[in-house]
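K.L.:
The file below is start.cif, mmCIF, C-alpha atoms:
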```
data_work
#
loop_
_atom_site.group_PDB
_atom_site.id
_atom_site.type_symbol
_atom_site.label_atom_id
_atom_site.label_comp_id
_atom_site.auth_asym_id
_atom_site.auth_seq_id
_atom_site.Cartn_x
_atom_site.Cartn_y
_atom_site.Cartn_z
ATOM 1 C CA MET A 11 83.711 100.876 117.538
ATOM 2 C CA LEU A 12 84.486 104.455 116.527
ATOM 3 C CA PRO A 13 82.615 107.390 118.064
ATOM 4 C CA GLY A 14 79.550 108.326 116.023
ATOM 5 C CA LYS A 15 79.732 105.530 113.444
ATOM 6 C CA ASP A 16 81.448 102.209 113.036
ATOM 7 C CA GLY A 17 84.347 101.363 110.753
ATOM 8 C CA PHE A 18 82.105 99.512 108.333
ATOM 9 C CA GLU A 19 80.020 102.650 107.713
ATOM 10 C CA LEU A 20 83.161 104.770 107.358
ATOM 11 C CA ALA A 21 84.706 102.316 104.882
ATOM 12 C CA ALA A 22 81.512 102.226 102.812
ATOM 13 C CA GLU A 23 81.476 106.041 102.635
ATOM 14 C CA ILE A 24 85.127 106.157 101.600
ATOM 15 C CA LYS A 25 84.633 103.517 98.897
ATOM 16 C CA GLU A 26 81.561 105.335 97.574
ATOM 17 C CA ARG A 27 83.511 108.571 97.118
ATOM 18 C CA HIS A 28 86.944 107.153 96.265
ATOM 19 C CA PRO A 29 86.706 103.489 95.196
ATOM 20 C CA GLN A 30 90.422 103.343 94.358
ATOM 21 C CA ILE A 31 91.557 103.945 97.960
ATOM 22 C CA PRO A 32 92.639 100.679 99.592
ATOM 23 C CA ILE A 33 91.262 99.954 103.070
ATOM 24 C CA ILE A 34 92.754 97.705 105.730
ATOM 25 C CA PHE A 35 90.598 96.975 108.748
ATOM 26 C CA LEU A 36 92.625 96.884 111.982
ATOM 27 C CA THR A 37 90.228 95.528 114.556
ATOM 28 C CA ALA A 38 89.520 93.417 117.593
ATOM 29 C CA LYS A 39 86.382 92.123 115.864
ATOM 30 C CA SER A 40 87.366 88.621 114.832
ATOM 31 C CA GLN A 41 84.048 86.886 114.195
ATOM 32 C CA THR A 42 83.613 85.475 110.693
ATOM 33 C CA GLU A 43 80.585 87.693 110.051
ATOM 34 C CA ASP A 44 82.657 90.799 110.944
ATOM 35 C CA VAL A 45 85.432 89.794 108.542
ATOM 36 C CA LEU A 46 82.893 89.120 105.782
ATOM 37 C CA LYS A 47 81.161 92.443 106.396
ATOM 38 C CA GLY A 48 84.532 94.220 106.207
ATOM 39 C CA PHE A 49 85.170 92.797 102.756
ATOM 40 C CA GLN A 50 81.554 93.361 101.636
ATOM 41 C CA VAL A 51 81.746 97.103 102.363
ATOM 42 C CA GLY A 52 84.926 97.395 100.293
ATOM 43 C CA GLY A 53 87.804 96.464 102.573
ATOM 44 C CA ASN A 54 90.889 95.153 100.824
ATOM 45 C CA ASP A 55 92.385 93.458 103.871
ATOM 46 C CA TYR A 56 91.355 92.614 107.424
ATOM 47 C CA LEU A 57 93.913 92.357 110.208
ATOM 48 C CA LYS A 58 92.780 91.073 113.604
ATOM 49 C CA LYS A 59 94.341 92.265 116.853
ATOM 50 C CA PRO A 60 96.848 91.490 118.167
ATOM 51 C CA PHE A 61 99.134 91.785 115.146
ATOM 52 C CA GLY A 62 102.782 92.576 114.571
ATOM 53 C CA ILE A 63 103.771 95.928 113.090
ATOM 54 C CA GLU A 64 105.935 94.118 110.529
ATOM 55 C CA GLU A 65 102.871 92.267 109.254
ATOM 56 C CA LEU A 66 100.947 95.539 108.940
ATOM 57 C CA ILE A 67 103.820 97.150 107.024
ATOM 58 C CA VAL A 68 104.001 94.229 104.581
ATOM 59 C CA ARG A 69 100.236 94.335 104.013
ATOM 60 C CA ILE A 70 100.336 98.091 103.368
ATOM 61 C CA GLN A 71 103.245 97.681 100.944
ATOM 62 C CA ASN A 72 101.374 94.917 99.149
ATOM 63 C CA LEU A 73 98.222 97.022 98.725
ATOM 64 C CA LEU A 74 100.250 99.998 97.491
ATOM 65 C CA LEU A 75 102.073 97.776 94.997
ATOM 66 C CA LEU A 76 98.792 96.354 93.706
ATOM 67 C CA ALA A 77 97.281 99.850 93.418
ATOM 68 C CA ASP A 78 100.377 101.072 91.534
ATOM 69 C CA GLN A 79 100.224 98.117 89.118
ATOM 70 C CA LYS A 80 96.523 98.728 88.495
ATOM 71 C CA LEU A 81 97.195 102.424 87.837
ATOM 72 C CA LYS A 82 99.950 101.583 85.344
ATOM 73 C CA ILE A 83 97.648 99.183 83.504
ATOM 74 C CA GLU A 84 94.916 101.822 83.365
ATOM 75 C CA GLU A 85 97.382 104.474 82.173
ATOM 76 C CA LYS A 86 98.507 102.273 79.284
ATOM 77 C CA SER A 87 94.942 101.789 78.069
ATOM 78 C CA THR A 88 93.742 103.600 75.012
ATOM 79 C CA TYR A 89 90.169 103.687 73.822
ATOM 80 C CA GLN A 90 88.954 103.478 70.257
ATOM 81 C CA PHE A 91 85.471 104.785 69.470
ATOM 82 C CA GLY A 92 84.181 105.824 66.098
ATOM 83 C CA THR A 93 87.078 107.413 64.217
ATOM 84 C CA PHE A 94 88.702 108.598 67.457
ATOM 85 C CA ARG A 95 91.433 107.179 69.630
ATOM 86 C CA PHE A 96 91.645 108.452 73.193
ATOM 87 C CA ASP A 97 94.798 108.139 75.282
ATOM 88 C CA PRO A 98 94.027 109.102 78.901
ATOM 89 C CA ALA A 99 97.679 108.821 79.978
ATOM 90 C CA SER A 100 98.804 111.518 77.538
ATOM 91 C CA MET A 101 95.457 113.363 77.760
ATOM 92 C CA GLU A 102 95.125 113.314 73.968
ATOM 93 C CA LEU A 103 92.286 112.707 71.564
ATOM 94 C CA LEU A 104 93.415 111.597 68.103
ATOM 95 C CA HIS A 105 91.305 111.902 64.966
ATOM 96 C CA ASN A 106 92.547 111.488 61.379
ATOM 97 C CA GLY A 107 96.132 112.324 62.356
ATOM 98 C CA LYS A 108 95.080 115.399 64.311
ATOM 99 C CA VAL A 109 95.946 115.444 68.005
ATOM 100 C CA THR A 110 93.775 117.405 70.419
ATOM 101 C CA ALA A 111 95.258 118.068 73.850
ATOM 102 C CA LEU A 112 92.611 117.740 76.548
ATOM 103 C CA SER A 113 92.470 119.616 79.819
ATOM 104 C CA HIS A 114 92.643 117.584 83.011
ATOM 105 C CA ARG A 115 88.871 117.802 83.576
ATOM 106 C CA GLU A 116 88.044 117.027 79.928
ATOM 107 C CA ASN A 117 90.294 113.989 80.228
ATOM 108 C CA GLU A 118 88.630 112.823 83.459
ATOM 109 C CA VAL A 119 85.099 113.269 82.076
ATOM 110 C CA LEU A 120 85.931 111.485 78.827
ATOM 111 C CA LYS A 121 87.638 108.672 80.751
ATOM 112 C CA VAL A 122 84.437 108.052 82.720
ATOM 113 C CA LEU A 123 82.305 108.194 79.574
ATOM 114 C CA VAL A 124 84.423 105.823 77.475
ATOM 115 C CA SER A 125 84.920 103.360 80.307
ATOM 116 C CA GLN A 126 81.138 103.023 80.439
ATOM 117 C CA SER A 127 80.320 103.444 76.759
ATOM 118 C CA HIS A 128 76.923 102.183 75.631
ATOM 119 C CA GLN A 129 75.699 102.508 79.238
ATOM 120 C CA ALA A 130 73.961 105.274 81.087
ATOM 121 C CA VAL A 131 76.393 107.175 83.292
ATOM 122 C CA ASP A 132 74.955 108.434 86.554
ATOM 123 C CA ARG A 133 75.526 112.187 86.674
ATOM 124 C CA ARG A 134 75.840 112.313 90.472
ATOM 125 C CA ALA A 135 78.327 109.441 90.502
ATOM 126 C CA MET A 136 80.413 111.206 87.840
ATOM 127 C CA LEU A 137 80.367 114.459 89.807
ATOM 128 C CA LYS A 138 81.450 112.695 92.989
ATOM 129 C CA LYS A 139 84.196 110.780 91.196
ATOM 130 C CA ILE A 140 85.669 113.798 89.397
ATOM 131 C CA TRP A 141 84.894 116.741 91.693
ATOM 132 C CA GLY A 142 84.341 114.959 95.000
ATOM 133 C CA ASP A 143 80.765 116.188 95.434
ATOM 134 C CA ASP A 144 77.622 116.749 93.403
ATOM 135 C CA SER A 145 76.918 120.399 94.161
ATOM 136 C CA PHE A 146 75.008 122.672 91.791
ATOM 137 C CA PHE A 147 78.197 124.527 90.823
ATOM 138 C CA ASN A 148 80.067 121.344 89.959
ATOM 139 C CA SER A 149 77.045 120.188 87.985
ATOM 140 C CA ARG A 150 77.260 123.361 85.872
ATOM 141 C CA ASN A 151 81.010 122.756 85.447
ATOM 142 C CA LEU A 152 80.252 119.269 84.149
ATOM 143 C CA ASP A 153 77.900 120.789 81.568
ATOM 144 C CA VAL A 154 80.731 123.047 80.369
ATOM 145 C CA TYR A 155 83.126 120.113 79.957
ATOM 146 C CA ILE A 156 80.486 118.023 78.183
ATOM 147 C CA LYS A 157 80.010 120.910 75.729
ATOM 148 C CA LYS A 158 83.771 121.120 75.139
ATOM 149 C CA LEU A 159 83.968 117.370 74.538
ATOM 150 C CA ARG A 160 81.038 117.518 72.123
ATOM 151 C CA ASP A 161 82.909 120.211 70.196
ATOM 152 C CA HIS A 162 85.983 117.948 70.010
ATOM 153 C CA LEU A 163 83.898 114.961 68.913
ATOM 154 C CA LYS A 164 81.714 116.676 66.301
ATOM 155 C CA GLU A 165 84.026 115.449 63.513
ATOM 156 C CA ASP A 166 82.374 112.012 63.735
ATOM 157 C CA PRO A 167 78.551 112.198 63.747
ATOM 158 C CA ASP A 168 78.367 108.583 64.939
ATOM 159 C CA VAL A 169 80.000 109.576 68.251
ATOM 160 C CA GLN A 170 77.602 111.351 70.575
ATOM 161 C CA ILE A 171 77.385 112.169 74.249
ATOM 162 C CA MET A 172 73.785 111.728 75.299
ATOM 163 C CA LEU A 173 72.594 113.239 78.593
#
```
Please re-express this file's structure in structure tokens.

P.N.:
Amino acid sequence: MLPGKDGFELAAEIKERHPQIPIIFLTAKSQTEDVLKGFQVGGNDYLKKPFGIEELIVRIQNLLLLADQKLKIEEKSTYQFGTFRFDPASMELLHNGKVTALSHRENEVLKVLVSQSHQAVDRRAMLKKIWGDDSFFNSRNLDVYIKKLRDHLKEDPDVQIML
């Protein structure tokens, strides 16, 4: 019931660009099909009007706590591939005792690649996730970071980035 588009469309667009952002629907729409649609487009919670402000605050705090816990779990993760170990939290790539410090963008690109290893990674989705859009200029930037990562990974011929 927003001007121009409805909340379901807006939520779907937000989740497509930034899937980690939690969404709470605050709405007068209380039919079961509306609630289901809210969750199907990526909503994390659905609060029907009228509601108390205290309830909203508790739901927001809960979603922030869950997001923080998920982030901490992801930060603790390390990835092992070939003879490399990658630690996204410290932005380091380790190989045979040698530590390579990665730039923020190198780290973000490698994180996407290793989280989907042995799968094709959609270039546009990667651009949107890391840069926020898939413009020509960002696409060229991605090529630069892929080249840098290939240079870091050349020590192990079994590890390759295929595009």

K.L.:
Taking into account only C-alpha atoms, which residue in the set A:Lys157, A:Lys121, A:Arg115, A:Lys58 is nearest to Pro98 of chain A?

P.N.:
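Nearest to Pro98 of chain A: A:Lys121.
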
K.L.:
On this structure, which residues satisfy the PyMOL selection byres ((chain A and resi 117) around 10), written as a list in words?

P.N.:
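Selected by the PyMOL selection byres ((chain A and resi 117) around 10) in this file: Phe96, Asp97, Pro98, Ala99, Ser100, Met101, Glu102, Leu103, Ala111, Leu112, Ser113, His114, Arg115, Glu116, Glu118, Val119, Leu120, Lys121, Val122, Leu123, Tyr155 and Leu159 of chain A.
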
K.L.:
Counting only C-alpha atoms, which residue out of A:Arg27, A:Glu64, A:Met172, A:Ala38 sits closest to Gln129 of chain A?

P.N.:
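Checking each candidate against Gln129 of chain A, we get A:Met172 as the closest.
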
K.L.:
Rounded to one decimal, what separation in Å do you get between atom CA of Pro167 of chain A and atom CA of Val124 of chain A?

P.N.:
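Pair atom CA of Pro167 of chain A / atom CA of Val124 of chain A returns 16.2 Å.
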
K.L.:
When you draw a straight line from atom CA of Gly48 of chain A to atom CA of Gly142 of chain A, how long is it in Å?

P.N.:
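Atom-to-atom, atom CA of Gly48 of chain A and atom CA of Gly142 of chain A are spaced 23.6 Å apart.
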
K.L.:
Out of A:Thr88, A:Leu75, A:Glu23, A:Thr37, which residue has the shortest atom-to-atom distance to Leu57 of chain A when counting all atoms listed in the file?

P.N.:
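Once distances to Leu57 of chain A are computed over all atoms listed in the file, the minimum belongs to A:Thr37.
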